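A short write-up of the structure that comes next.
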Amino acid sequence: KPALALAIQGAARIETLVNDLLLFSREESYRLGTVDLAEVVREAARYALEGWEGTAALDGLSEAIVLADREKLLRVVVNALKNAREAMNETGRLDISIAAQGRWRTLSIADTGTGIAVQDLPRLFEPFFTTKIDGTGLGLAYAKKVVEGMQGSITLANRADGQGAVLSIRLPGAGKEQHG
């Protein structure tokens, strides 16, 4: 590649890192409200999966109203879907589901990618840890920070039912089903 192209590429990479760092390091304030988790997933899929040749099971999403910051949750889900897409080839399959258990609602995004190397599992949410050539290693760290900030939890593990990984985001439910 010509030197100028490499310089531009390098500058773009630095810009991405700086933006990710600013996002990760700032003090978060949360605008918590009732959010339709299924609607957030459908919106995130429009961003993250555009042009992708694979299959995403989005139709059977059960309605789940959670207490969350919609903008932050959308950012986390877009990033999760992009990660899953990148872990597969263009013909992979995403199994996306929402489950309710007690007061919790859990979004699961399971891909048919290569899965996660066992030695990498404990480090996935560490800032700057990445297995990607061009990753900053801040996407999952940011996701953990904001999901926990919304009183939820996030996990990433290899699928028990086959090849690939599954990301789970658990958030407190909200709305009429809570007070019955």
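We label chains A, B, ... in the order they appear in the structure tokens, count residues from 1 in each chain, and number ligands from 1 in the order shown.
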
Residue list (helix (DSSP H, G or I), DSSP) for chain A, as a ChimeraX atom specification: /A:3-25,37-48,70-87,118-123,139-149,176-178

Saved selection, atoms kept: C-alpha atoms, as a PDB file, in the first residue's frame:
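Dumped everything to again.pdb:
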```pdb
ATOM      1  CA  ALA A   3       2.478   5.452   2.397  1.00  0.00           C
ATOM      2  CA  LEU A   4      -0.415   7.923   2.331  1.00  0.00           C
ATOM      3  CA  ALA A   5      -3.016   5.149   2.424  1.00  0.00           C
ATOM      4  CA  LEU A   6      -1.223   3.546   5.374  1.00  0.00           C
ATOM      5  CA  ALA A   7      -1.066   6.894   7.185  1.00  0.00           C
ATOM      6  CA  ILE A   8      -4.785   7.486   6.644  1.00  0.00           C
ATOM      7  CA  GLN A   9      -5.563   3.952   7.794  1.00  0.00           C
ATOM      8  CA  GLY A  10      -3.405   4.473  10.888  1.00  0.00           C
ATOM      9  CA  ALA A  11      -5.080   7.798  11.665  1.00  0.00           C
ATOM     10  CA  ALA A  12      -8.526   6.214  11.329  1.00  0.00           C
ATOM     11  CA  ARG A  13      -7.469   3.452  13.710  1.00  0.00           C
ATOM     12  CA  ILE A  14      -6.221   6.005  16.265  1.00  0.00           C
ATOM     13  CA  GLU A  15      -9.486   7.927  15.935  1.00  0.00           C
ATOM     14  CA  THR A  16     -11.468   4.735  16.624  1.00  0.00           C
ATOM     15  CA  LEU A  17      -9.328   3.970  19.663  1.00  0.00           C
ATOM     16  CA  VAL A  18      -9.651   7.510  21.033  1.00  0.00           C
ATOM     17  CA  ASN A  19     -13.432   7.513  20.532  1.00  0.00           C
ATOM     18  CA  ASP A  20     -13.741   4.099  22.208  1.00  0.00           C
ATOM     19  CA  LEU A  21     -11.507   5.266  25.073  1.00  0.00           C
ATOM     20  CA  LEU A  22     -13.564   8.418  25.622  1.00  0.00           C
ATOM     21  CA  LEU A  23     -16.758   6.388  25.581  1.00  0.00           C
ATOM     22  CA  PHE A  24     -15.346   3.810  27.980  1.00  0.00           C
ATOM     23  CA  SER A  25     -13.698   6.195  30.438  1.00  0.00           C
ATOM     24  CA  LEU A  37     -36.142  -5.120  24.660  1.00  0.00           C
ATOM     25  CA  ALA A  38     -37.498  -6.856  21.541  1.00  0.00           C
ATOM     26  CA  GLU A  39     -37.874  -3.501  19.758  1.00  0.00           C
ATOM     27  CA  VAL A  40     -34.291  -2.516  20.691  1.00  0.00           C
ATOM     28  CA  VAL A  41     -33.040  -5.821  19.244  1.00  0.00           C
ATOM     29  CA  ARG A  42     -34.940  -5.300  15.983  1.00  0.00           C
ATOM     30  CA  GLU A  43     -33.578  -1.748  15.658  1.00  0.00           C
ATOM     31  CA  ALA A  44     -30.021  -2.896  16.448  1.00  0.00           C
ATOM     32  CA  ALA A  45     -30.314  -5.649  13.829  1.00  0.00           C
ATOM     33  CA  ARG A  46     -31.197  -3.069  11.161  1.00  0.00           C
ATOM     34  CA  TYR A  47     -27.876  -1.308  11.874  1.00  0.00           C
ATOM     35  CA  ALA A  48     -25.603  -4.231  12.596  1.00  0.00           C
ATOM     36  CA  ARG A  70     -32.487   2.862  25.787  1.00  0.00           C
ATOM     37  CA  GLU A  71     -29.621   4.631  24.001  1.00  0.00           C
ATOM     38  CA  LYS A  72     -26.901   2.765  25.901  1.00  0.00           C
ATOM     39  CA  LEU A  73     -28.716  -0.555  25.565  1.00  0.00           C
ATOM     40  CA  LEU A  74     -29.062  -0.014  21.808  1.00  0.00           C
ATOM     41  CA  ARG A  75     -25.315   0.698  21.523  1.00  0.00           C
ATOM     42  CA  VAL A  76     -24.483  -2.487  23.458  1.00  0.00           C
ATOM     43  CA  VAL A  77     -26.829  -4.663  21.357  1.00  0.00           C
ATOM     44  CA  VAL A  78     -25.549  -3.198  18.041  1.00  0.00           C
ATOM     45  CA  ASN A  79     -21.980  -3.984  19.147  1.00  0.00           C
ATOM     46  CA  ALA A  80     -22.981  -7.497  20.261  1.00  0.00           C
ATOM     47  CA  LEU A  81     -24.631  -8.239  16.905  1.00  0.00           C
ATOM     48  CA  LYS A  82     -21.628  -6.852  14.989  1.00  0.00           C
ATOM     49  CA  ASN A  83     -19.283  -9.035  17.063  1.00  0.00           C
ATOM     50  CA  ALA A  84     -21.435 -12.103  16.403  1.00  0.00           C
ATOM     51  CA  ARG A  85     -21.565 -11.305  12.685  1.00  0.00           C
ATOM     52  CA  GLU A  86     -17.770 -10.916  12.537  1.00  0.00           C
ATOM     53  CA  ALA A  87     -17.284 -14.240  14.331  1.00  0.00           C
ATOM     54  CA  VAL A 118     -10.697 -21.447  26.403  1.00  0.00           C
ATOM     55  CA  GLN A 119      -7.694 -19.356  27.491  1.00  0.00           C
ATOM     56  CA  ASP A 120      -9.460 -16.165  26.319  1.00  0.00           C
ATOM     57  CA  LEU A 121     -12.721 -16.726  28.225  1.00  0.00           C
ATOM     58  CA  PRO A 122     -11.616 -15.145  31.551  1.00  0.00           C
ATOM     59  CA  ARG A 123     -10.292 -12.008  29.828  1.00  0.00           C
ATOM     60  CA  GLY A 139     -16.506  -2.945  23.137  1.00  0.00           C
ATOM     61  CA  LEU A 140     -17.179  -5.714  25.658  1.00  0.00           C
ATOM     62  CA  ALA A 141     -15.593  -3.742  28.503  1.00  0.00           C
ATOM     63  CA  TYR A 142     -17.986  -0.868  27.745  1.00  0.00           C
ATOM     64  CA  ALA A 143     -20.913  -3.288  27.477  1.00  0.00           C
ATOM     65  CA  LYS A 144     -20.111  -4.750  30.907  1.00  0.00           C
ATOM     66  CA  LYS A 145     -19.749  -1.307  32.448  1.00  0.00           C
ATOM     67  CA  VAL A 146     -23.104   0.008  31.223  1.00  0.00           C
ATOM     68  CA  VAL A 147     -25.118  -3.204  31.658  1.00  0.00           C
ATOM     69  CA  GLU A 148     -23.899  -3.407  35.261  1.00  0.00           C
ATOM     70  CA  GLY A 149     -24.665   0.314  35.598  1.00  0.00           C
ATOM     71  CA  LYS A 176     -47.231  -4.425  34.440  1.00  0.00           C
ATOM     72  CA  GLU A 177     -45.895  -7.977  34.822  1.00  0.00           C
ATOM     73  CA  GLN A 178     -43.810  -6.837  37.802  1.00  0.00           C
TER      74      GLN A 178
END
```

Residue neighbourhood A:Ser97, 9 Å, only C-alpha atoms, exclusion window fewer than 6 positions, as a VMD selection string: chain A and resid 38 57 to 58 60 to 62 106 to 110

What's the 10 Å shell around A:Gln101, counting only C-alpha atoms, without same-chain residues fewer than 3 positions away, as JSON, numbers by chain? {"A": [104, 105, 106, 170, 172, 173]}

Residues from last step as file, N, CA and C atoms, as a CSV table (one decimal), in the first residue's frame:
```
chain,number,residue,atom,x,y,z
A,104,TRP,N,-36.3,-10.9,36.1
A,104,TRP,CA,-35.2,-10.7,35.1
A,104,TRP,C,-35.7,-11.0,33.7
A,105,ARG,N,-35.1,-10.3,32.8
A,105,ARG,CA,-35.3,-10.6,31.3
A,105,ARG,C,-33.9,-10.8,30.8
A,106,THR,N,-33.8,-11.9,30.0
A,106,THR,CA,-32.4,-12.2,29.5
A,106,THR,C,-32.5,-12.3,28.0
A,170,ARG,N,-28.6,-9.7,30.9
A,170,ARG,CA,-29.7,-9.9,31.9
A,170,ARG,C,-30.1,-8.5,32.5
A,172,PRO,N,-33.2,-6.0,34.7
A,172,PRO,CA,-34.4,-6.1,35.5
A,172,PRO,C,-35.6,-5.8,34.6
A,173,GLY,N,-36.7,-6.6,34.8
A,173,GLY,CA,-37.9,-6.3,34.1
A,173,GLY,C,-38.6,-5.1,34.7
```

Using DSSP on the backbone coordinates, identify the residues of chain A assigned to strand (DSSP E or B); present them as number ranges by chain. A: 33-36, 55-57, 65-68, 93-101, 104-110, 153-158, 165-173

Would you kindly return, as a PyMOL selection string, each protein, DNA or RNA residue with an atom no farther than 8 Å from any atom of A:Glu53, considering only C-alpha atoms and excluding same-chain residues fewer than 2 positions away? chain A and resi 51+55+90-92

With only C-alpha atoms as the counted atoms, please give the residues lying no more than 8 Å from A:Leu156, apart from itself and same-chain residues fewer than 6 positions off, as an MDAnalysis selection string. chainID A and resid 121 124 165:168

Closest of A:Leu138, A:Ala174, A:Ala56, A:Ala64 to A:Gly33 - atom-to-atom distances counting only C-alpha atoms: A:Ala174

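Between A:Thr34 and the candidates A:Leu171, A:Leu67, A:Met150, A:Met88, the tightest atom-to-atom separation, counting only C-alpha atoms, involves A:Leu67.
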
My list of candidates is A:Gly102, A:Glu63, A:Gly54, A:Asn158. Which is closest to A:Asn89 when distances are computed with only C-alpha atoms? A:Gly54

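Note that atom CA of A:Ala100 and atom CA of A:Ala160 are 20.0 Å apart.
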
Pick from A:Thr114, A:Gln151, A:Gln163, A:Ser29: nearest to A:Ala68, with only C-alpha atoms counted?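 Going through A:Thr114, A:Gln151, A:Gln163, A:Ser29 one by one, the smallest distance to A:Ala68 is for A:Gln151.
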
Quick one: distance from atom CA of A:Val35 to atom CA of A:Ile65 in Å, one decimal? 5.4 Å
